[in-house]
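Have a look at upload-v4.txt; it's compact mmCIF, C-alpha atoms:
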# COMPACT_ATOMS: atom_id res chain seq x y z
CA MET A 1 159.53 96.52 49.31
CA ALA A 2 160.85 100.07 49.30
CA LYS A 3 163.75 100.91 51.60
CA PRO A 4 164.18 104.25 53.42
CA ASN A 5 166.83 106.59 52.05
CA VAL A 6 168.52 106.88 55.46
CA PRO A 7 169.64 104.26 57.99
CA ILE A 8 166.90 103.15 60.43
CA SER A 9 167.87 101.85 63.87
CA ILE A 10 165.55 98.81 63.76
CA THR A 11 164.24 96.54 61.01
CA ASP A 12 160.85 95.60 62.49
CA MET A 13 158.17 97.51 64.37
CA LYS A 14 155.30 96.00 66.33
CA PHE A 15 151.85 97.60 66.40
CA SER A 16 149.22 96.98 69.02
CA ILE A 17 145.73 95.97 67.95
CA GLU A 18 144.47 99.22 69.53
CA ASP A 19 146.77 101.27 67.29
CA ILE A 20 145.60 99.43 64.17
CA GLU A 21 141.92 99.75 65.10
CA ASP A 22 142.18 103.55 65.00
CA PHE A 23 143.06 103.33 61.30
CA LEU A 24 140.31 100.83 60.47
CA ARG A 25 137.40 102.71 61.97
CA GLY A 26 135.46 105.47 60.32
CA ALA A 27 136.20 109.00 61.43
CA PRO A 28 135.03 109.98 64.93
CA PRO A 29 131.26 110.65 64.79
CA ASP A 30 130.21 114.11 63.78
CA GLN A 31 128.89 116.04 66.78
CA LYS A 32 125.60 116.53 64.93
CA LEU A 33 124.84 112.86 65.47
CA SER A 34 124.28 113.52 69.16
CA ILE A 35 121.00 115.19 68.14
CA GLU A 36 118.36 112.47 68.50
CA TYR A 37 115.57 112.02 66.00
CA PRO A 38 112.27 112.53 67.88
CA ALA A 39 109.88 109.59 67.55
CA LYS A 40 106.56 110.05 65.75
CA TYR A 41 103.39 108.16 64.92
CA ILE A 42 102.44 107.12 61.39
CA GLN A 43 98.83 106.26 60.61
CA LEU A 44 98.80 103.22 58.32
CA GLY A 45 96.33 102.53 55.58
CA ASN A 46 94.89 99.55 57.46
CA GLY A 47 94.05 101.65 60.52
CA GLU A 48 97.08 100.61 62.61
CA LYS A 49 99.60 103.03 64.04
CA ALA A 50 103.33 102.64 63.61
CA ILE A 51 106.03 104.39 65.61
CA ILE A 52 109.15 105.61 63.81
CA ARG A 53 112.13 106.16 66.08
CA GLN A 54 115.89 106.30 65.94
CA ALA A 55 117.54 102.89 66.22
CA LYS A 56 120.10 102.21 68.91
CA LEU A 57 122.92 99.69 68.80
CA GLU A 58 120.92 97.43 71.08
CA ASP A 59 118.34 97.16 68.26
CA ALA A 60 120.87 95.77 65.77
CA PRO A 61 120.45 92.03 66.61
CA ALA A 62 116.70 92.16 65.90
CA ILE A 63 117.30 94.08 62.67
CA LEU A 64 119.98 91.66 61.51
CA GLU A 65 117.86 88.64 62.42
CA THR A 66 115.05 89.95 60.22
CA LEU A 67 117.32 90.89 57.31
CA LYS A 68 119.15 87.56 57.38
CA VAL A 69 116.01 85.77 56.22
CA LEU A 70 116.03 87.85 53.02
CA ILE A 71 119.56 86.87 52.03
CA ASP A 72 118.17 84.06 49.91
CA HIS A 73 117.50 83.61 46.20
CA LYS A 74 113.83 82.81 46.88
CA TYR A 75 113.26 86.48 47.79
CA ASP A 76 114.26 87.68 44.34
CA ARG A 77 110.87 89.38 43.88
CA ASP A 78 111.17 93.20 43.81
CA PHE A 79 114.92 93.00 44.60
CA TYR A 80 114.34 92.21 48.27
CA HIS A 81 117.35 89.89 48.27
CA LEU A 82 119.72 92.54 46.87
CA VAL A 83 118.48 95.35 49.11
CA GLY A 84 118.37 92.96 52.07
CA VAL A 85 122.00 91.87 51.79
CA ARG A 86 123.24 95.42 51.27
CA THR A 87 121.27 96.74 54.22
CA TYR A 88 122.49 93.83 56.37
CA SER A 89 126.10 94.76 55.61
CA GLU A 90 125.46 98.43 56.44
CA VAL A 91 123.81 97.67 59.77
CA LEU A 92 126.56 95.19 60.63
CA ALA A 93 129.20 97.78 59.68
CA TRP A 94 127.45 100.27 62.00
CA THR A 95 127.83 97.85 64.91
CA GLN A 96 131.52 97.28 64.09
CA ASN A 97 132.50 100.93 63.55
CA ARG A 98 133.12 100.37 59.85
CA ILE A 99 130.86 103.03 58.40
CA LYS A 100 131.10 106.80 58.76
CA ASP A 101 128.34 108.86 60.39
CA SER A 102 125.40 106.54 59.72
CA ARG A 103 121.88 106.74 61.13
CA THR A 104 119.20 104.07 61.20
CA LEU A 105 115.51 104.61 61.92
CA VAL A 106 113.05 101.80 62.63
CA ALA A 107 109.28 101.63 62.32
CA THR A 108 107.58 99.34 64.81
CA ASN A 109 104.06 98.43 65.76
CA GLU A 110 102.87 99.42 69.23
CA SER A 111 104.33 96.25 70.76
CA GLY A 112 107.81 96.87 69.36
CA GLU A 113 107.86 94.49 66.38
CA LEU A 114 110.00 95.70 63.49
CA MET A 115 107.90 96.75 60.49
CA ALA A 116 110.37 98.77 58.43
CA LEU A 117 113.81 100.35 58.60
CA VAL A 118 115.67 103.09 56.79
CA ASN A 119 119.27 104.19 56.95
CA TRP A 120 121.46 106.99 55.66
CA ARG A 121 124.75 108.64 56.45
CA MET A 122 126.42 112.01 56.44
CA TRP A 123 128.88 112.41 53.58
CA ASN A 124 129.90 115.77 55.02
CA ALA A 125 128.24 118.70 56.77
CA GLN A 126 126.26 119.57 53.63
CA ILE A 127 125.44 116.27 51.90
CA ALA A 128 123.36 113.37 53.23
CA ILE A 129 123.61 110.00 51.49
CA SER A 130 120.49 107.83 51.40
CA LEU A 131 121.36 104.16 51.83
CA HIS A 132 118.33 101.85 51.98
CA THR A 133 114.64 101.59 52.77
CA MET A 134 113.22 98.20 53.77
CA THR A 135 109.51 97.63 54.40
CA PHE A 136 108.35 94.32 55.84
CA LYS A 137 104.66 95.19 55.81
CA ARG A 138 103.55 96.41 52.39
CA LYS A 139 100.36 98.02 51.11
CA ALA A 140 100.05 100.17 54.24
CA GLY A 141 101.83 103.36 53.15
CA LEU A 142 104.72 102.65 55.49
CA GLY A 143 107.56 102.71 52.96
CA ILE A 144 107.03 106.26 51.77
CA ALA A 145 106.48 107.49 55.35
CA ALA A 146 109.70 105.83 56.52
CA TYR A 147 111.66 107.22 53.56
CA ALA A 148 110.32 110.70 54.34
CA ALA A 149 111.36 110.27 57.98
CA LYS A 150 115.03 109.83 57.12
CA ILE A 151 114.97 112.85 54.82
CA GLU A 152 113.37 114.80 57.67
CA ASP A 153 116.12 113.58 59.98
CA ALA A 154 118.84 114.80 57.61
CA PHE A 155 117.29 118.17 56.74
CA ASP A 156 115.32 119.23 59.81
CA TYR A 157 117.49 117.86 62.62
CA LEU A 158 121.03 117.51 61.28
CA ASN A 159 120.87 120.53 58.96
CA SER A 160 122.01 118.85 55.73
CA GLN A 161 121.57 120.89 52.55
CA GLU A 162 121.34 118.14 49.91
CA TRP A 163 119.92 114.62 49.92
CA TRP A 164 121.52 112.12 47.52
CA ALA A 165 119.65 108.91 46.75
CA THR A 166 119.74 106.12 44.21
CA PHE A 167 117.13 103.44 43.59
CA GLU A 168 117.66 99.72 43.06
CA SER A 169 114.11 98.64 42.23
CA PRO A 170 111.15 100.01 40.26
CA PHE A 171 109.31 100.52 43.56
CA GLY A 172 112.19 102.58 44.91
CA PHE A 173 112.28 104.67 41.76
CA ARG A 174 108.52 105.25 41.98
CA MET A 175 109.01 106.54 45.51
CA GLY A 176 111.71 108.94 44.33
CA PHE A 177 109.46 110.03 41.48
CA ARG A 178 106.74 110.97 43.99
CA PHE A 179 109.23 113.14 45.86
CA VAL A 180 110.24 114.88 42.60
CA HIS A 181 113.96 114.16 42.91
CA GLU A 182 116.25 115.84 40.41
CA GLN A 183 119.21 114.07 38.80
CA LYS A 184 122.92 114.85 38.92
CA PRO A 185 124.97 114.50 35.71
CA TRP A 186 125.82 110.83 35.12
CA PRO A 187 128.32 109.18 34.80
CA GLU A 188 130.31 112.28 35.80
CA MET A 189 128.75 111.99 39.28
CA GLN A 190 127.91 108.60 40.76
CA HIS A 191 126.19 107.39 43.91
CA GLU A 192 128.37 105.34 46.23
CA LEU A 193 125.95 102.39 45.97
CA GLY A 194 127.38 100.79 42.85
CA GLY A 195 128.03 103.91 40.83
CA SER A 196 124.37 104.43 39.95
CA ARG A 197 122.69 107.73 39.15
CA ILE A 198 122.32 110.30 41.91
CA TYR A 199 118.78 111.57 42.46
CA TYR A 200 118.74 114.48 44.84
CA LEU A 201 116.64 116.93 46.84
CA THR A 202 117.70 120.26 48.25
CA LYS A 203 116.71 121.62 51.64
CA ASP A 204 114.79 124.40 49.91
CA HIS A 205 112.84 121.90 47.77
CA TRP A 206 112.06 119.86 50.90
CA ASP A 207 110.82 122.90 52.84
CA ARG A 208 108.74 124.45 50.03
CA ILE A 209 107.34 121.45 48.17
CA VAL A 210 107.92 117.96 49.57
CA LYS A 211 107.27 118.43 53.28
CA PRO A 212 104.07 120.52 52.81
CA LYS A 213 102.75 117.91 50.37
CA LEU A 214 103.39 115.11 52.88
CA MET A 215 101.60 117.05 55.58
CA GLN A 216 98.68 117.78 53.28
CA ARG A 217 98.32 114.08 52.44
CA GLY A 218 98.61 113.00 56.08
CA THR A 219 101.70 110.87 55.48
CA PHE A 220 104.20 112.97 57.42
CA GLY A 221 103.22 111.67 60.86
CA GLU A 222 102.50 113.33 64.17
CA ARG A 223 104.20 113.99 67.47
CA PRO A 224 104.64 113.59 70.37
CA VAL A 225 104.88 109.90 71.16
CA SER A 226 104.23 109.30 74.84
CA LYS A 227 107.03 107.94 77.03
CA GLU A 228 104.94 104.84 77.71
CA ALA A 229 104.31 104.15 74.01
CA LEU A 230 107.97 104.71 73.15
CA ALA A 231 109.12 102.44 75.98
CA ALA A 232 106.91 99.67 74.58
CA THR A 233 109.09 99.60 71.44
CA TYR A 234 112.04 98.32 73.50
CA PRO A 235 113.50 95.80 73.21
CA LEU A 236 113.00 95.75 69.46
CA LYS A 237 111.47 92.48 68.26
CA PRO A 238 112.35 90.85 64.92
CA THR A 239 109.63 90.78 62.29
CA GLU A 240 107.45 87.72 62.85
CA THR A 241 105.94 87.50 59.36
CA LEU A 242 107.38 89.11 56.26
CA GLU A 243 104.42 90.64 54.41
CA ILE A 244 106.35 91.51 51.27
CA ASP A 245 104.25 89.91 48.52
CA LEU A 246 101.76 92.15 46.76

Take the structure in this file and express it as structure tokens.
Amino acid sequence: MAKPNVPISITDMKFSIEDIEDFLRGAPPDQKLSIEYPAKYIQLGNGEKAIIRQAKLEDAPAILETLKVLIDHKYDRDFYHLVGVRTYSEVLAWTQNRIKDSRTLVATNESGELMALVNWRMWNAQIAISLHTMTFKRKAGLGIAAYAAKIEDAFDYLNSQEWWATFESPFGFRMGFRFVHEQKPWPEMQHELGGSRIYYLTKDHWDRIVKPKLMQRGTFGERPVSKEALAATYPLKPTETLEIDL
């Protein structure tokens, strides 16, 4: 242990738990995060409607209960186990103030059952970091709509200028391919999720190309969601049946 170069009056100092906690938490939330993502409807391929809204801390137990099921080797198909455990840790870190400036959106059916979730975080005022996209009801067009929703949140509501993603499964990469992501130099630049390649979008690319294409295809969603319909999504209910096999 290093010793100070000058005499110190005491040999031991006590720290309160409150003092230590300030050092363990992420930075105080960016003021931008007070801007709430406005809920919207998504028309699914099977004729159902989903509601995508911003998740609140009170939603975390239902999210974690659903994700916990996937932390199992039997869900190795399509990397659901890997993405599930990483998303679980991010949502848990959000509840414990151990992640900086994160946002989670959930997609529910009209009775409030969790159908999908997406999360991301602000790296700084300019750069948004995509974390994960989890869909529990496949073959309905929900995954790409939910992924688009978090990009919309970052660009249109929190005024980010670049979106940085990486993809951990072929299905995730296909989704990025559809959005025409560009790639940062690798390995000079690495995504925080395991040092993988960074695939990115700019705000200009989103405004001119991606968003208009989503609207044209009818996968962007529509607003407003009535107060009654939004209220029906609380409390959030865990997913009853994981429809993740194709």

Counting all atoms listed in the file, the residue among A:Thr108, A:Gln96, A:Ser9, A:Asn46 that lies closest to Ala231 of chain A is A:Thr108

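Of the listed residues (A:Trp123, A:Phe136, A:Tyr37, A:Phe179), A:Tyr37 comes nearest to Glu152 of chain A; the distances count all atoms listed in the file.
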
Q | Close residues, Ala149 of chain A itself excluded, 12 Å, all atoms listed in the file, min 6 positions apart in chain, as a PyMOL selection string | A | chain A and resi 37-42+51-54+103-107+116-120+130+133+142-143+155-157+206+210-211+214+219-222

ask   = How would you write as a PyMOL selection string the residues that get within 12 Å of (128.5, 115.8, 65.8) in the file's frame, counting only C-alpha atoms?
value = chain A and resi 27-36+100-102+122+124-125+157-159

Just the selected residues (C-alpha atoms), exported as a compact mmCIF listing (two decimals), in the frame of the given file, please.
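Written file, selection-v4.txt:
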# COMPACT_ATOMS: atom_id res chain seq x y z
CA ALA A 27 136.20 109.00 61.43
CA PRO A 28 135.03 109.98 64.93
CA PRO A 29 131.26 110.65 64.79
CA ASP A 30 130.21 114.11 63.78
CA GLN A 31 128.89 116.04 66.78
CA LYS A 32 125.60 116.53 64.93
CA LEU A 33 124.84 112.86 65.47
CA SER A 34 124.28 113.52 69.16
CA ILE A 35 121.00 115.19 68.14
CA GLU A 36 118.36 112.47 68.50
CA LYS A 100 131.10 106.80 58.76
CA ASP A 101 128.34 108.86 60.39
CA SER A 102 125.40 106.54 59.72
CA MET A 122 126.42 112.01 56.44
CA ASN A 124 129.90 115.77 55.02
CA ALA A 125 128.24 118.70 56.77
CA TYR A 157 117.49 117.86 62.62
CA LEU A 158 121.03 117.51 61.28
CA ASN A 159 120.87 120.53 58.96

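Interatomic distance, atom CA of Asn109 of chain A to atom CA of Lys150 of chain A: 18.0 Å.
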
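Considering the residues A:Lys14, A:Lys68, A:Arg86, A:Lys227 and counting all atoms listed in the file, Gly194 of chain A has its shortest atom-to-atom contact with A:Arg86.
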
Atom CA of Ala154 of chain A sits from atom CA of Lys203 of chain A at a separation of 9.3 Å

Could N, CA and C atoms be built for segment 30-51 of chain A and written out as a compact mmCIF listing (two decimals), in the coordinates of the input?
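Saved file rebuild.txt follows:
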# COMPACT_ATOMS: atom_id res chain seq x y z
N ASP A 30 130.48 112.69 63.82
CA ASP A 30 130.21 114.11 63.78
C ASP A 30 129.36 114.48 64.99
N GLN A 31 129.62 115.62 65.58
CA GLN A 31 128.89 116.04 66.78
C GLN A 31 127.40 116.18 66.52
N LYS A 32 127.02 116.43 65.27
CA LYS A 32 125.60 116.53 64.93
C LYS A 32 124.83 115.26 65.30
N LEU A 33 125.52 114.12 65.24
CA LEU A 33 124.84 112.86 65.47
C LEU A 33 124.37 112.69 66.90
N SER A 34 124.78 113.57 67.78
CA SER A 34 124.28 113.52 69.16
C SER A 34 122.85 114.05 69.25
N ILE A 35 122.38 114.71 68.19
CA ILE A 35 121.00 115.19 68.14
C ILE A 35 120.10 114.00 67.82
N GLU A 36 119.19 113.66 68.70
CA GLU A 36 118.36 112.47 68.50
C GLU A 36 117.13 112.80 67.67
N TYR A 37 116.78 111.88 66.80
CA TYR A 37 115.57 112.02 66.00
C TYR A 37 114.35 111.77 66.90
N PRO A 38 113.42 112.71 66.99
CA PRO A 38 112.27 112.53 67.88
C PRO A 38 111.24 111.58 67.26
N ALA A 39 110.81 110.61 68.04
CA ALA A 39 109.88 109.59 67.55
C ALA A 39 108.55 110.22 67.13
N LYS A 40 107.87 109.56 66.18
CA LYS A 40 106.56 110.05 65.75
C LYS A 40 105.67 108.87 65.37
N TYR A 41 104.37 109.14 65.34
CA TYR A 41 103.39 108.16 64.92
C TYR A 41 103.14 108.28 63.41
N ILE A 42 102.89 107.16 62.77
CA ILE A 42 102.44 107.12 61.39
C ILE A 42 101.13 106.34 61.35
N GLN A 43 100.11 106.94 60.77
CA GLN A 43 98.83 106.26 60.61
C GLN A 43 98.88 105.42 59.33
N LEU A 44 98.71 104.11 59.47
CA LEU A 44 98.80 103.22 58.32
C LEU A 44 97.46 103.09 57.61
N GLY A 45 97.53 102.64 56.37
CA GLY A 45 96.33 102.53 55.58
C GLY A 45 95.33 101.53 56.11
N ASN A 46 95.80 100.56 56.92
CA ASN A 46 94.89 99.55 57.46
C ASN A 46 94.33 99.94 58.82
N GLY A 47 94.58 101.18 59.25
CA GLY A 47 94.05 101.65 60.52
C GLY A 47 95.01 101.52 61.70
N GLU A 48 96.09 100.75 61.54
CA GLU A 48 97.08 100.61 62.61
C GLU A 48 97.93 101.86 62.72
N LYS A 49 98.61 101.98 63.86
CA LYS A 49 99.60 103.03 64.04
C LYS A 49 100.98 102.41 64.15
N ALA A 50 101.93 103.04 63.48
CA ALA A 50 103.33 102.64 63.61
C ALA A 50 104.08 103.77 64.31
N ILE A 51 105.16 103.41 64.98
CA ILE A 51 106.03 104.39 65.61
C ILE A 51 107.38 104.36 64.89
